[in-house]
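A short worksheet on the structure shown next.
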Amino acid sequence: MAKDQAKAPRMLFGNKVVVFFSKPANVILVVFFVLLCMLTLYPLLTLVSETFTVHAGRESIATGQKRGTLSLYSFKKLLFTLDDGGEQGYKSSTSWIQFYSPLFNTLSVSLLSSFLAILFGGVVAWLVTRTNIRFKKFISAVFVFPYIMPSWTLAMFWSNFFKNVNVGPGTSNGIMAAVFGIMMPEWFVYGFFPISMVLGLHYAPFAYILIGGILRNMDANLEEAASILKTPRWRIVSRITLPIVMPAMLSTLLLVFASTMSAYAVPVFLGSPVRYYVLSTKMMSLMSTYKGQGYIIASVMIIFGVVILAINQSFTGKRKSFTTVTGKSSQISLVNLKKANWPIALILMIVLVLLAILPLVSFALESVIIKAGDYSLSNMTLDFWIGRNLDYLDQGDANGILFSPKVLKALGNSLLLGISCAVIAGTCGVLVGYGIVKRRGTWLSGAVNNLSFFPYLLPSLAFGAIYLAMSGKLPFINGMFALILIGSVKYLPFASRSGINAMLQLSNEIEEAAVIVNVPWWKRMTRIIFPIQKSSFLSGYLLPFVSCMRELSLFTLLVPTSDTLLTTMLMQYSEKGWDQFGNAINLLIIIVVLIINFAVNKLTGASIDKGIGA
Amino acid sequence: MPEIILENITKMFGKTAAVDHLDLLIHSGDFITLLGPSGCGKTTTLRMIAGLETPTEGKITIGDRVVFSSEDGINIPPNKRDVGFLFQNYALWPHMTVYQNIAFGLENLKWSKPDIESRVAELLALLKIEPFSKRYPSELSGGQQQRVAIARTLAPNPKVLFLDEPLSNLDAKLRLEMRTELKRLHLSTKATFVYVTHDQLEAMTLSTKVCLMKNGIMQQYAPPLEVYSQPANLFAADFVGNPAMNFIDAKAACRPDGSVGLKADSFSGVFMPDEKFKLDCSDVVIGIRPEFIGIHDEFQPGLQGLDATVYSNMPSGMETTVKLKVGETILTSVIFRGVDYPVDKKVGISFLGDDILLFDKESGLKLVSGSLKTE
Amino acid sequence: MKKILSIACIIIASCAMLLAMGAGETPADELTGVAALARDGEKLTHDQLVLKASDETGVFRVYGNTSRITTAVEAFGKLYNIQIESSNLKDSEIYEKLEIEIDGKINGADMVMIQDGAQLKSQMVSTGNLVNFVPLSVKGYVDADDQNPLVQQYINKLFIWNNKGDSVKNFTNVWQFTEPEMKGNVIFKSPELEQVNMNFLIMCTSDKWAGKLAQAYKNLYGKDIDLGSYKNAGYKWVAEFLGNCTFIKSDTTIAEEISQDTAAGKAGLFVLSKLRSSSVLSDNLTVGEYRAVETGTAIEPFAGFMYPMYAMITSNATRPYTAMLFIEYLMTADGFQPWGKSIGAYSGNGSLPAKEGDLPLSTWKDCLVMEDPDFILSNYEDVSSFVIKNL
C-alpha cells in the first residue's frame, strides 16, 4: 500500500482507495491479510499468554494461585530448575530432563532425518527426472506412498520388523529375528537412529517432490551447454545441476526440519521404549498435567519455525533468480545409466517394496490374526474386516470395520473433513496465489505470502492446542466446524504454494488478453486461469485432502470424540492395544487415499507431486 | 476516431524511471511505432496507454476521454478503454480452440451468437486461417498462432490497436509476410495502430510516424523517412538505417563564405550547409549514410575525392556493401548493383548529395545537413 | 517479516495482560443449577427419575475413559429410548475438554466417567465443575467412603508375569522387581502418559507405604534398608523400580507382549482386565495375587494398585436428570454388565459381586495401594518431579 501512495503522490486519498480496491488482487490480499492475522496470529497470542498464566489442577496447586493468575511459574520450572540435580541419587536437573535434553534430541533427530530425506529424495528425484532409469512410472507412483501413510505406520512397521527379545521390552521377535534369525542391536531398533530413519523416509517423498519439481523445470539447455563443452557427467551434476538446485534443497531441508520437529507419534513408538524423549513427546505429556510448560515447549517449537521461515526467506530470494520458469521445459536429454540401469532400478525397487508395499502387507496380515505373533492359518480370521457380533474378541467394536456403523461414520466424517478442507484451502490457495503473484514485490503481497505459509511452521499438536484454548473464548469454534477451520488453515500453505507456482508459470499476458476484451474478473479466473493451470491448482486441492485424511496430531485435541475421525479412532485403538482393528483402519485410510489420489490423477492430471513441486 | 495524447507521463520502477516525462500526440488513423533498444521504455509506454500498467505521474487521453490522470485520480481500467492488444507471445488461451479464442471476447461483449459467428468467419477469412478453426493453439505453427492472435485482437473492432513486438518470434520470411499483412490490416481497419518494436526496419517500413526512445526519453518523433534523413541526434542516426551511418570525428572551423572547414584524421574537406547555422563548437561528428559514399571504379589519383582501399566487399545481388579504408578510418558504402571488388583494390571515393550531416560531438545533437567536398 | 514480528510482540504483550486480568472469579456458596438439581435428585426414586428424564430433550452426551462405556450407553439408550453420544477419551483429554466446555459455556458432556481422583478433586469437584450424585436406590450398598465423589467401579493394576520356561521366578516381594537381573524386564505404562500410574508412585512415598516397603525390604534381604540420599524407602523403591522398567504405551499391548511365548522372564504391572482379551495368551501369565491366594504367600507389601472410576454430572449438563438416571443405571447389575462380565472390575455397589474366579473388592482393598487424593495433591509437585527424573 505504501508503495502505491508513492506512485501517485497527488492522487486524492478517496480515489486512491477506490483505485486500489478496483484491482481484485488487492481485495484478495487485504481480505486474506486480515483473515490470516485472525486465524494464525491471534491464536499465537493466545498461546503465548497461556505460558504466563497459571492453569487449573497441578499448576494451581503448586503455585497456590488461582487459575488465570499471571505467573512465571511455568518458565521457572521448565527452563530454570537447574540446581536440583544432586538430590536422591540423580545427577540431572529437572530442566535438563524435561527440556534441554529433549530439545537436544529433537534437534539431532530433525537434523539427521532432514539430511536423510534430502539425500534419498534428491537421489531418486534425479534418477527419475534426469536419467533413463527403468520403471520410472512405478517408482514415482510408489515413492509417494510413505508420505500418504500416517507417519507412525512406518514406525510401527520398523519395530514390528526389527524388534527382538534382546532389545526394548524384549518380549517377542519381529520378522528379522524370527525369519532370518538376525538380532538387530538396540540402537538400530529403538531411539535416535530409527526415529531419524523413519522420519527421514517419511519425508523423503516430500523432498523428492520438491527437488524433482525444480529439476523438471530446470532448463535442460543449462546442462546441455555443459555437455557440449565436453564436461564429464559427474562434473555436470556437481558443478551445474547441484548448484542450481541447491537453494531449493536448502529450502526443502528447512521445511523437512520443521516438519520433523513436530512429529509426535514416531518418537512415541520408537523412542519411549528406550526412554528417548523429544520435545513433542514431552509437550504431549505436559499438556495433560502442566499445561503452561507444554505451551512453552509449543512456543519454542514455533520460534524455531519462525527462524526457519526467515532463513528460508533469504534463500528463496536467490532461488527465484535461479529457477525462473520460462515455460514448459524443452526436451531433456536423459543420462544414460547404461549397465548400471538394471542394478540401480532393481535396488530402488527393492527399497520401495520394503518401504511402501511391505508395510501395507504387514498391516493386512496384522489385521487378520487373532493372537499376536502367531501367523498360522488357524489363527487367522476376517472377522476384523467383515465379522458381526464380535463380542468374543472384546476389542471395542462388535462388527468388522466394513460393517461397523462407528467406523463407517468416522470414514464419512474423515471424507467430509478432507473434502471440505481441500475445497476451502484449495480455493483460498488459488486466490492467494493469484493475489500474491499479481502484486509481487509489494509489501502486502510479501506479508500475505509469509502469513499464508506460516501455519506450516506451527507444530500440528501445538496448533490444535491453541485452537482448543481459543474455542473456550469463541464457543462457535466447535465440533466439525473447528476441525474444518483448523484443517483449512493448516494446509493452506500447500494450496497457496501450488497456487503461487501455477500463477508464476502463467504469463501475465494470458490474463491481460482477456482484460482487454472486457472479461470480468471471476470469469477470467474460472474460464481462463483455472482451466489452463487446472492440474497444478487441483494438486493444491489434493494435498490438503490427503493430509487431512492421514492427520492425527492436529485434530486429536479438537475432535468431539475419538470416534469422530478415522485417524483419531486409529490412535485410540492403537493405545487401547486393539491392534487388529487398528491395522485394518490404517489400511482402510491408505486405500481410500490411494484410490482418490489415483482417481483424481487419472481424471484431471493433478497429482500430489505437482502440488508442492513445480 | 480518437486521438491519443500523453502528457508528462512518467513511470518509476523503484528509483529508476522507465519512462521519463513523455509527451506524445498520436493522430487517429496513425500507425505509430515506438522504437528503441530493449529497456528503453517503449513496452511500458504501450502498456500504460492500454491501461495494463499504471503511470506514476501524468495524463493520458484517448479520444475525448481522459483515461488516466494522476492529478485527478482517474484510472480507467483497460477493458473500458476500447482498445485491442496484440501480445508478443500471442497469449493464446491454450485450452480453447482457434474459434473459441476469437469468439470468447465477443461473448463477453454480449454480441449475439449469429453476429459472433459471422465476425469470426470474417476474421478467419481475412487472416487466411479458416482451416484451423477447430484446432488448439498448440497444434498450430508460429505464424498461424500469430494470425489467430491478430484475429482475436481485431475481433471486437477496436478503434485503437496496440501491438507489442508481434513479429519478434517469427522467422525472417514469415516476418516479411506478416509485415505486409499488418500494413494491409491497418489500411482496411482504419484503426489507430501503436506498434512496439526494436527492429528499425519494421518501424521504417510500417509506420506513419516513428517515436524513437532511449532510456525512457523520447529522442525523435517524426515520419520514418525524416528520422532517416534528418535524425535528431547521433543516437537516432545510428539506430536507424542498415548498414549504419558512417561517423567521422572532425575539427570544424567556420569560413567567411558560410562554409565549414573540417579536419578529420584521414582527410580534410569543406562542408556547405543547406541553411544558415551558427557553429559554436569545434568538435563535430560528420554523419554520412553509406549510400552517399560514391566509389569510382577506376583509380585516378588526384580526382575530386579521396583515395581508398577496399577492405572488404559484401555483394548481396541487388546491392553491394563495401568497406573502405581511408587512412586509418573504415567507411561503409552501399552501391546499388552487384559488384565484386577484390580486396585491397585501390579506388577513389566522393561524398554525394546534400544529406551529409553534422553533429555536435558533445551534445550529440544534429547541427545541420549539407554537402561535403574533400580538399 | 520483521514488521510482522515486532507488531506481534507488542500485541502479544498487551494481550497477555488483558487475558490475565479477566480471570478472577468467585465460587458461589449457595447450590444453584445442576448442583441443586442433583441434591434434590438424590431424594427421587427410580420411577421419578425416569419420569423427569423423559421430559428432557436433545442429545445426551457422555465422556468416559473406558472403552466399554459404548456398550453400556447403547443398552441404556435402548432401554429408555434416549439418543446418546458417548466418547471414549483419555482422562487428560476429558479434563481438558470439560474445562473448556464448562468455562466457555459450550454444550458438551452431560455426564462423565473418569479416573484420577486427585485431579478430579482439585480441578472438578472443588471448582464445582462436576456435580456428585448418589442414587437413592443404591445409596445403601455403596461404601460411605465411595459416595462423594461416587465410585462407579474400581480397577486394579497387578504384578503379572510370564510363566514360560524352566526358571520362572515367582515374585513374593516388590523389591524383587528392583533387582539387577530384572533390568529392562519389567514393563509398565509411563506415569507421564497415565496419571493413575503417577498417583500410585506418589502413594508409595507416603509414610504408610514407605514404612511397609522398608519392612518388606528387611523381610526379603534380612537387613535394614540403606536409604542413601533417598528421603524414605518409598522413594528408593520408586527410583529403582522405574530404573528397571521398560515403558510401553498401552496396557493391552503390555499384556499381549508379556504373554508371548518368547517373553520368558518378563513381568509387568498392568490392568488385570486385559487378560480378558482374546489376543492375550493368558495361559502364559501368572497373576501375582491369584498365585498368592493359592500358595498362601502374599506379595509384600502390595500386589499392585487400585484406583476408582468416578461417575459424575457436569455443571453445564443440559440433561441432568438423564445423567442421574444413567448413573443409577451404571450402579445396577445390568449397567455394570459390560465391565462385570470379566475379571478386573469391581462395582462401587457392594451388592454386586466380583466376577467368578476373581477376588472380592474387600480383599483387593487390603492388598493393593489405593489413591489418597489429598496426599497426592499435596505431594504431587515434589514426587512427580522426582518420578520424571527417573523416566
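Chains: A, B, ... in order of the C-alpha cells. Residues: from 1 per chain. Ligands: from 1, in order shown.
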
Residue neighbourhood Pro191 (chain C), 10 Å, only C-alpha atoms, exclusion window fewer than 6 positions, as a PyMOL selection string:
(chain A and resi 285) or (chain C and resi 197-201+242+247+384+387-388+391)

Determine which residues of region 384-595 of chain A receive a DSSP assignment of helix (DSSP H, G or I), computed from the backbone, and state them as a PyMOL selection string.
chain A and resi 384-386+391-393+405-438+443-457+460-473+479-505+508-516+521-532+534-550+553-556+566-576+579-595

Residue list for chain C near chain A as a tab-separated table (two decimals) with all heavy atoms, in the first residue's frame, 6 Å, only C-alpha atoms:
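Output file iface.tsv follows:
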chain	number	residue	atom	x	y	z
C	12	ILE	N	1.21	-9.35	21.55
C	12	ILE	CA	1.33	-10.47	22.48
C	12	ILE	C	1.36	-9.95	23.91
C	12	ILE	O	0.62	-10.37	24.78
C	12	ILE	CB	2.61	-11.29	22.20
C	12	ILE	CG1	2.41	-12.12	20.95
C	12	ILE	CG2	2.95	-12.17	23.38
C	12	ILE	CD1	3.67	-12.76	20.46
C	16	ALA	N	-1.52	-10.61	26.66
C	16	ALA	CA	-1.22	-11.41	27.83
C	16	ALA	C	-1.74	-10.71	29.08
C	16	ALA	O	-2.31	-11.34	29.98
C	16	ALA	CB	0.29	-11.64	27.93
C	20	ALA	N	-4.88	-12.01	31.38
C	20	ALA	CA	-4.59	-12.30	32.77
C	20	ALA	C	-5.53	-11.56	33.70
C	20	ALA	O	-5.91	-12.06	34.75
C	20	ALA	CB	-3.14	-11.92	33.08
C	23	ALA	N	-9.49	-12.84	34.65
C	23	ALA	CA	-9.68	-14.21	35.08
C	23	ALA	C	-10.19	-14.42	36.51
C	23	ALA	O	-10.42	-15.52	36.94
C	23	ALA	CB	-8.38	-14.99	34.90
C	87	SER	N	-18.29	-40.78	24.18
C	87	SER	CA	-16.93	-40.61	23.69
C	87	SER	C	-15.99	-41.29	24.65
C	87	SER	O	-16.02	-41.05	25.84
C	87	SER	CB	-16.54	-39.15	23.62
C	87	SER	OG	-17.51	-38.46	22.92
C	92	SER	N	-6.83	-37.23	30.49
C	92	SER	CA	-6.36	-35.85	30.35
C	92	SER	C	-7.22	-35.08	29.35
C	92	SER	O	-7.49	-33.90	29.51
C	92	SER	CB	-4.90	-35.83	29.90
C	92	SER	OG	-4.76	-36.52	28.69
C	100	ILE	N	-12.81	-26.52	29.20
C	100	ILE	CA	-13.14	-25.58	28.13
C	100	ILE	C	-14.64	-25.46	27.93
C	100	ILE	O	-15.19	-24.36	27.79
C	100	ILE	CB	-12.44	-26.01	26.83
C	100	ILE	CG1	-10.97	-25.64	26.93
C	100	ILE	CG2	-13.06	-25.35	25.62
C	100	ILE	CD1	-10.11	-26.36	25.97
C	104	GLY	N	-16.41	-22.13	28.77
C	104	GLY	CA	-16.91	-21.45	27.59
C	104	GLY	C	-18.40	-21.57	27.42
C	104	GLY	O	-18.94	-21.11	26.43
C	122	SER	N	-9.16	-31.59	42.62
C	122	SER	CA	-8.66	-30.22	42.55
C	122	SER	C	-9.29	-29.44	41.41
C	122	SER	O	-9.56	-28.25	41.53
C	122	SER	CB	-7.15	-30.22	42.39
C	122	SER	OG	-6.81	-30.66	41.10
C	123	GLN	N	-9.54	-30.11	40.31
C	123	GLN	CA	-9.92	-29.37	39.11
C	123	GLN	C	-11.43	-29.35	38.91
C	123	GLN	O	-11.96	-28.43	38.31
C	123	GLN	CB	-9.26	-30.03	37.92
C	123	GLN	CG	-8.78	-29.08	36.87
C	123	GLN	CD	-7.92	-29.81	35.86
C	123	GLN	OE1	-7.06	-30.61	36.22
C	123	GLN	NE2	-8.16	-29.56	34.59
C	192	GLU	N	3.93	-40.71	32.90
C	192	GLU	CA	3.67	-39.45	32.19
C	192	GLU	C	2.43	-39.57	31.32
C	192	GLU	O	1.79	-38.59	30.99
C	192	GLU	CB	4.86	-39.10	31.30
C	192	GLU	CG	5.92	-38.31	32.01
C	192	GLU	CD	6.88	-37.70	31.01
C	192	GLU	OE1	7.34	-38.40	30.09
C	192	GLU	OE2	7.16	-36.51	31.17
C	193	LEU	N	2.14	-40.79	30.90
C	193	LEU	CA	1.02	-40.98	29.98
C	193	LEU	C	-0.28	-41.32	30.70
C	193	LEU	O	-1.35	-41.16	30.15
C	193	LEU	CB	1.34	-42.09	28.96
C	193	LEU	CG	2.51	-41.80	28.02
C	193	LEU	CD1	2.72	-42.95	27.07
C	193	LEU	CD2	2.27	-40.51	27.25
C	229	SER	N	20.72	-41.30	49.86
C	229	SER	CA	20.20	-39.94	49.84
C	229	SER	C	18.68	-39.91	49.70
C	229	SER	O	18.09	-38.85	49.61
C	229	SER	CB	20.84	-39.16	48.70
C	229	SER	OG	20.43	-39.71	47.47
C	230	TYR	N	18.06	-41.06	49.62
C	230	TYR	CA	16.60	-41.09	49.47
C	230	TYR	C	15.90	-40.66	50.73
C	230	TYR	O	16.35	-40.96	51.83
C	230	TYR	CB	16.12	-42.48	49.06
C	230	TYR	CG	16.58	-42.86	47.67
C	230	TYR	CD1	17.56	-43.82	47.49
C	230	TYR	CD2	16.02	-42.25	46.56
C	230	TYR	CE1	17.99	-44.17	46.23
C	230	TYR	CE2	16.44	-42.59	45.29
C	230	TYR	CZ	17.42	-43.54	45.12
C	230	TYR	OH	17.83	-43.86	43.87
C	246	THR	N	10.66	-50.96	31.43
C	246	THR	CA	10.56	-50.58	30.02
C	246	THR	C	9.14	-50.05	29.86
C	246	THR	O	8.20	-50.64	30.36
C	246	THR	CB	10.75	-51.79	29.12
C	246	THR	OG1	12.06	-52.29	29.31
C	246	THR	CG2	10.56	-51.40	27.66
C	247	PHE	N	9.02	-48.92	29.16
C	247	PHE	CA	7.69	-48.32	29.05
C	247	PHE	C	7.03	-48.65	27.72
C	247	PHE	O	7.65	-48.54	26.67
C	247	PHE	CB	7.77	-46.80	29.23
C	247	PHE	CG	8.30	-46.42	30.58
C	247	PHE	CD1	9.53	-45.78	30.70
C	247	PHE	CD2	7.58	-46.72	31.72
C	247	PHE	CE1	10.03	-45.45	31.94
C	247	PHE	CE2	8.07	-46.38	32.97
C	247	PHE	CZ	9.31	-45.74	33.08
C	250	SER	N	0.53	-48.90	25.96
C	250	SER	CA	-0.82	-49.30	26.35
C	250	SER	C	-0.80	-50.58	27.18
C	250	SER	O	0.03	-51.47	26.97
C	250	SER	CB	-1.69	-49.48	25.10
C	250	SER	OG	-2.06	-50.82	24.93
C	252	THR	N	-2.99	-52.93	27.16
C	252	THR	CA	-3.32	-54.08	26.33
C	252	THR	C	-2.07	-54.63	25.66
C	252	THR	O	-1.83	-55.85	25.65
C	252	THR	CB	-4.34	-53.70	25.24
C	252	THR	OG1	-5.43	-53.05	25.85
C	252	THR	CG2	-4.81	-54.91	24.49
C	253	THR	N	-1.27	-53.73	25.13
C	253	THR	CA	-0.04	-54.17	24.47
C	253	THR	C	0.90	-54.82	25.47
C	253	THR	O	1.56	-55.82	25.16
C	253	THR	CB	0.64	-52.96	23.79
C	253	THR	OG1	-0.34	-52.25	23.05
C	253	THR	CG2	1.73	-53.42	22.86
C	257	GLU	N	2.27	-58.45	24.97
C	257	GLU	CA	3.71	-58.66	24.86
C	257	GLU	C	4.20	-59.66	25.90
C	257	GLU	O	4.94	-60.58	25.59
C	257	GLU	CB	4.46	-57.33	25.01
C	257	GLU	CG	4.26	-56.36	23.85
C	257	GLU	CD	4.88	-56.87	22.56
C	257	GLU	OE1	5.91	-57.56	22.63
C	257	GLU	OE2	4.32	-56.59	21.49
C	258	ILE	N	3.77	-59.44	27.14
C	258	ILE	CA	4.27	-60.32	28.20
C	258	ILE	C	3.75	-61.74	28.03
C	258	ILE	O	4.39	-62.71	28.44
C	258	ILE	CB	3.90	-59.75	29.58
C	258	ILE	CG1	4.59	-58.42	29.79
C	258	ILE	CG2	4.31	-60.70	30.69
C	258	ILE	CD1	4.32	-57.80	31.14
C	262	THR	N	7.77	-66.05	23.69
C	262	THR	CA	9.17	-65.64	23.72
C	262	THR	C	9.50	-64.70	24.87
C	262	THR	O	10.63	-64.25	24.99
C	262	THR	CB	9.52	-64.91	22.40
C	262	THR	OG1	8.46	-64.01	22.10
C	262	THR	CG2	9.72	-65.88	21.26
C	263	ALA	N	8.50	-64.38	25.69
C	263	ALA	CA	8.70	-63.34	26.70
C	263	ALA	C	9.06	-63.90	28.07
C	263	ALA	O	8.76	-63.28	29.09
C	263	ALA	CB	7.46	-62.45	26.79
C	277	SER	N	-8.75	-60.22	27.01
C	277	SER	CA	-8.65	-60.03	25.57
C	277	SER	C	-8.23	-61.31	24.87
C	277	SER	O	-7.36	-62.04	25.33
C	277	SER	CB	-7.63	-58.93	25.28
C	277	SER	OG	-7.49	-58.78	23.91
C	278	SER	N	-8.88	-61.58	23.75
C	278	SER	CA	-8.59	-62.81	23.02
C	278	SER	C	-7.19	-62.79	22.44
C	278	SER	O	-6.65	-63.81	22.07
C	278	SER	CB	-9.61	-63.00	21.90
C	278	SER	OG	-9.63	-61.86	21.11
C	279	SER	N	-6.60	-61.59	22.34
C	279	SER	CA	-5.27	-61.53	21.76
C	279	SER	C	-4.18	-61.75	22.81
C	279	SER	O	-3.01	-61.73	22.51
C	279	SER	CB	-5.07	-60.19	21.06
C	279	SER	OG	-5.29	-59.15	21.97

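Distance criterion 7 Å to chain A, applied with only C-alpha atoms, yields Thr56, Glu57, Ser70, Glu71, Asp72, Gly73, Pro78, Asn79, Val83, Gly84, Phe85, Phe87, Ala91, Leu92, Trp93, Pro94, His95, Gly105, Asn108 and Leu109 of chain B on chain B.
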
Put those residues in a file: all heavy atoms, as a compact mmCIF listing (two decimals), in the first residue's frame.
# COMPACT_ATOMS: atom_id res chain seq x y z
N THR B 56 3.19 6.52 -13.00
CA THR B 56 3.42 7.15 -11.71
C THR B 56 2.87 8.57 -11.73
O THR B 56 2.39 9.07 -10.73
CB THR B 56 4.93 7.19 -11.42
OG1 THR B 56 5.46 5.88 -11.65
CG2 THR B 56 5.19 7.57 -9.98
N GLU B 57 2.94 9.17 -12.89
CA GLU B 57 2.55 10.56 -12.99
C GLU B 57 2.11 10.85 -14.41
O GLU B 57 2.58 10.19 -15.36
CB GLU B 57 3.78 11.42 -12.66
CG GLU B 57 3.52 12.54 -11.69
CD GLU B 57 4.75 13.43 -11.60
OE1 GLU B 57 5.84 12.90 -11.32
OE2 GLU B 57 4.58 14.63 -11.82
N SER B 70 -3.04 11.35 -12.98
CA SER B 70 -2.59 11.19 -11.59
C SER B 70 -3.15 12.33 -10.75
O SER B 70 -3.42 12.15 -9.58
CB SER B 70 -1.07 11.18 -11.54
OG SER B 70 -0.55 12.38 -12.04
N GLU B 71 -3.34 13.46 -11.39
CA GLU B 71 -3.78 14.62 -10.63
C GLU B 71 -5.24 14.47 -10.19
O GLU B 71 -5.61 14.76 -9.07
CB GLU B 71 -3.63 15.86 -11.48
CG GLU B 71 -3.14 17.04 -10.69
CD GLU B 71 -2.53 18.06 -11.64
OE1 GLU B 71 -1.56 17.71 -12.35
OE2 GLU B 71 -3.04 19.19 -11.67
N ASP B 72 -6.07 13.99 -11.12
CA ASP B 72 -7.49 13.89 -10.80
C ASP B 72 -7.87 12.50 -10.29
O ASP B 72 -9.05 12.23 -10.05
CB ASP B 72 -8.33 14.21 -12.04
CG ASP B 72 -7.99 15.60 -12.57
OD1 ASP B 72 -7.72 16.47 -11.72
OD2 ASP B 72 -7.99 15.79 -13.79
N GLY B 73 -6.88 11.65 -10.15
CA GLY B 73 -7.17 10.31 -9.62
C GLY B 73 -8.02 9.48 -10.56
O GLY B 73 -8.80 8.65 -10.12
N PRO B 78 -8.35 -1.16 -18.33
CA PRO B 78 -8.10 -1.41 -19.75
C PRO B 78 -9.35 -1.83 -20.51
O PRO B 78 -9.52 -1.44 -21.67
CB PRO B 78 -7.07 -2.54 -19.74
CG PRO B 78 -6.99 -3.01 -18.34
CD PRO B 78 -7.44 -1.91 -17.47
N ASN B 79 -10.21 -2.61 -19.83
CA ASN B 79 -11.36 -3.12 -20.57
C ASN B 79 -12.35 -2.01 -20.93
O ASN B 79 -13.20 -2.17 -21.77
CB ASN B 79 -12.05 -4.22 -19.77
CG ASN B 79 -12.28 -3.82 -18.33
OD1 ASN B 79 -11.52 -3.02 -17.79
ND2 ASN B 79 -13.32 -4.33 -17.73
N VAL B 83 -9.74 -0.74 -26.45
CA VAL B 83 -8.51 -0.92 -27.20
C VAL B 83 -8.27 -2.40 -27.44
O VAL B 83 -8.84 -3.26 -26.77
CB VAL B 83 -7.30 -0.34 -26.42
CG1 VAL B 83 -7.45 1.15 -26.27
CG2 VAL B 83 -7.14 -1.04 -25.08
N GLY B 84 -7.45 -2.69 -28.44
CA GLY B 84 -7.03 -4.06 -28.68
C GLY B 84 -5.55 -4.18 -28.38
O GLY B 84 -4.82 -3.19 -28.48
N PHE B 85 -5.14 -5.35 -27.98
CA PHE B 85 -3.73 -5.52 -27.62
C PHE B 85 -3.23 -6.84 -28.18
O PHE B 85 -3.79 -7.89 -27.92
CB PHE B 85 -3.59 -5.52 -26.09
CG PHE B 85 -2.22 -5.15 -25.61
CD1 PHE B 85 -2.00 -3.95 -24.96
CD2 PHE B 85 -1.14 -6.00 -25.79
CE1 PHE B 85 -0.73 -3.59 -24.51
CE2 PHE B 85 0.11 -5.65 -25.34
CZ PHE B 85 0.33 -4.44 -24.70
N PHE B 87 -0.18 -9.40 -28.12
CA PHE B 87 0.97 -9.64 -27.26
C PHE B 87 2.11 -10.30 -28.01
O PHE B 87 1.91 -11.02 -28.99
CB PHE B 87 0.56 -10.52 -26.09
CG PHE B 87 -0.41 -9.86 -25.17
CD1 PHE B 87 -1.77 -10.05 -25.33
CD2 PHE B 87 0.04 -9.03 -24.16
CE1 PHE B 87 -2.67 -9.43 -24.49
CE2 PHE B 87 -0.86 -8.41 -23.31
CZ PHE B 87 -2.22 -8.61 -23.48
N ALA B 91 -0.17 -14.93 -26.31
CA ALA B 91 -1.10 -15.14 -25.19
C ALA B 91 -2.39 -15.79 -25.64
O ALA B 91 -3.48 -15.41 -25.20
CB ALA B 91 -1.37 -13.83 -24.46
N LEU B 92 -2.27 -16.76 -26.51
CA LEU B 92 -3.47 -17.51 -26.88
C LEU B 92 -3.84 -18.41 -25.71
O LEU B 92 -2.96 -18.94 -25.03
CB LEU B 92 -3.20 -18.36 -28.12
CG LEU B 92 -2.98 -17.56 -29.41
CD1 LEU B 92 -2.65 -18.50 -30.55
CD2 LEU B 92 -4.19 -16.72 -29.74
N TRP B 93 -5.12 -18.60 -25.49
CA TRP B 93 -5.54 -19.46 -24.39
C TRP B 93 -5.44 -20.91 -24.82
O TRP B 93 -6.16 -21.35 -25.73
CB TRP B 93 -6.95 -19.09 -23.97
CG TRP B 93 -6.99 -17.68 -23.48
CD1 TRP B 93 -6.17 -17.12 -22.55
CD2 TRP B 93 -7.86 -16.64 -23.92
NE1 TRP B 93 -6.49 -15.79 -22.36
CE2 TRP B 93 -7.52 -15.47 -23.19
CE3 TRP B 93 -8.90 -16.56 -24.83
CZ2 TRP B 93 -8.17 -14.25 -23.35
CZ3 TRP B 93 -9.55 -15.34 -24.99
CH2 TRP B 93 -9.18 -14.20 -24.27
N PRO B 94 -4.52 -21.64 -24.21
CA PRO B 94 -4.18 -22.97 -24.73
C PRO B 94 -5.33 -23.97 -24.64
O PRO B 94 -5.33 -24.98 -25.33
CB PRO B 94 -3.01 -23.41 -23.86
CG PRO B 94 -3.10 -22.58 -22.63
CD PRO B 94 -3.72 -21.29 -23.03
N HIS B 95 -6.31 -23.69 -23.79
CA HIS B 95 -7.37 -24.67 -23.59
C HIS B 95 -8.58 -24.37 -24.48
O HIS B 95 -9.61 -25.00 -24.34
CB HIS B 95 -7.78 -24.69 -22.12
CG HIS B 95 -8.31 -23.36 -21.65
ND1 HIS B 95 -7.59 -22.22 -21.74
CD2 HIS B 95 -9.50 -23.02 -21.11
CE1 HIS B 95 -8.29 -21.21 -21.27
NE2 HIS B 95 -9.46 -21.66 -20.88
N GLY B 105 -13.90 -13.24 -26.52
CA GLY B 105 -14.00 -11.81 -26.21
C GLY B 105 -15.34 -11.25 -26.64
O GLY B 105 -15.94 -10.44 -25.93
N ASN B 108 -18.11 -11.93 -24.33
CA ASN B 108 -18.10 -11.06 -23.16
C ASN B 108 -18.63 -9.68 -23.48
O ASN B 108 -19.04 -8.96 -22.58
CB ASN B 108 -16.69 -10.95 -22.61
CG ASN B 108 -16.30 -12.20 -21.90
OD1 ASN B 108 -16.88 -12.56 -20.89
ND2 ASN B 108 -15.36 -12.92 -22.48
N LEU B 109 -18.54 -9.32 -24.74
CA LEU B 109 -19.07 -8.02 -25.11
C LEU B 109 -20.55 -8.13 -25.45
O LEU B 109 -21.13 -7.22 -25.99
CB LEU B 109 -18.28 -7.46 -26.29
CG LEU B 109 -16.79 -7.24 -25.97
CD1 LEU B 109 -16.00 -6.94 -27.24
CD2 LEU B 109 -16.61 -6.12 -24.96
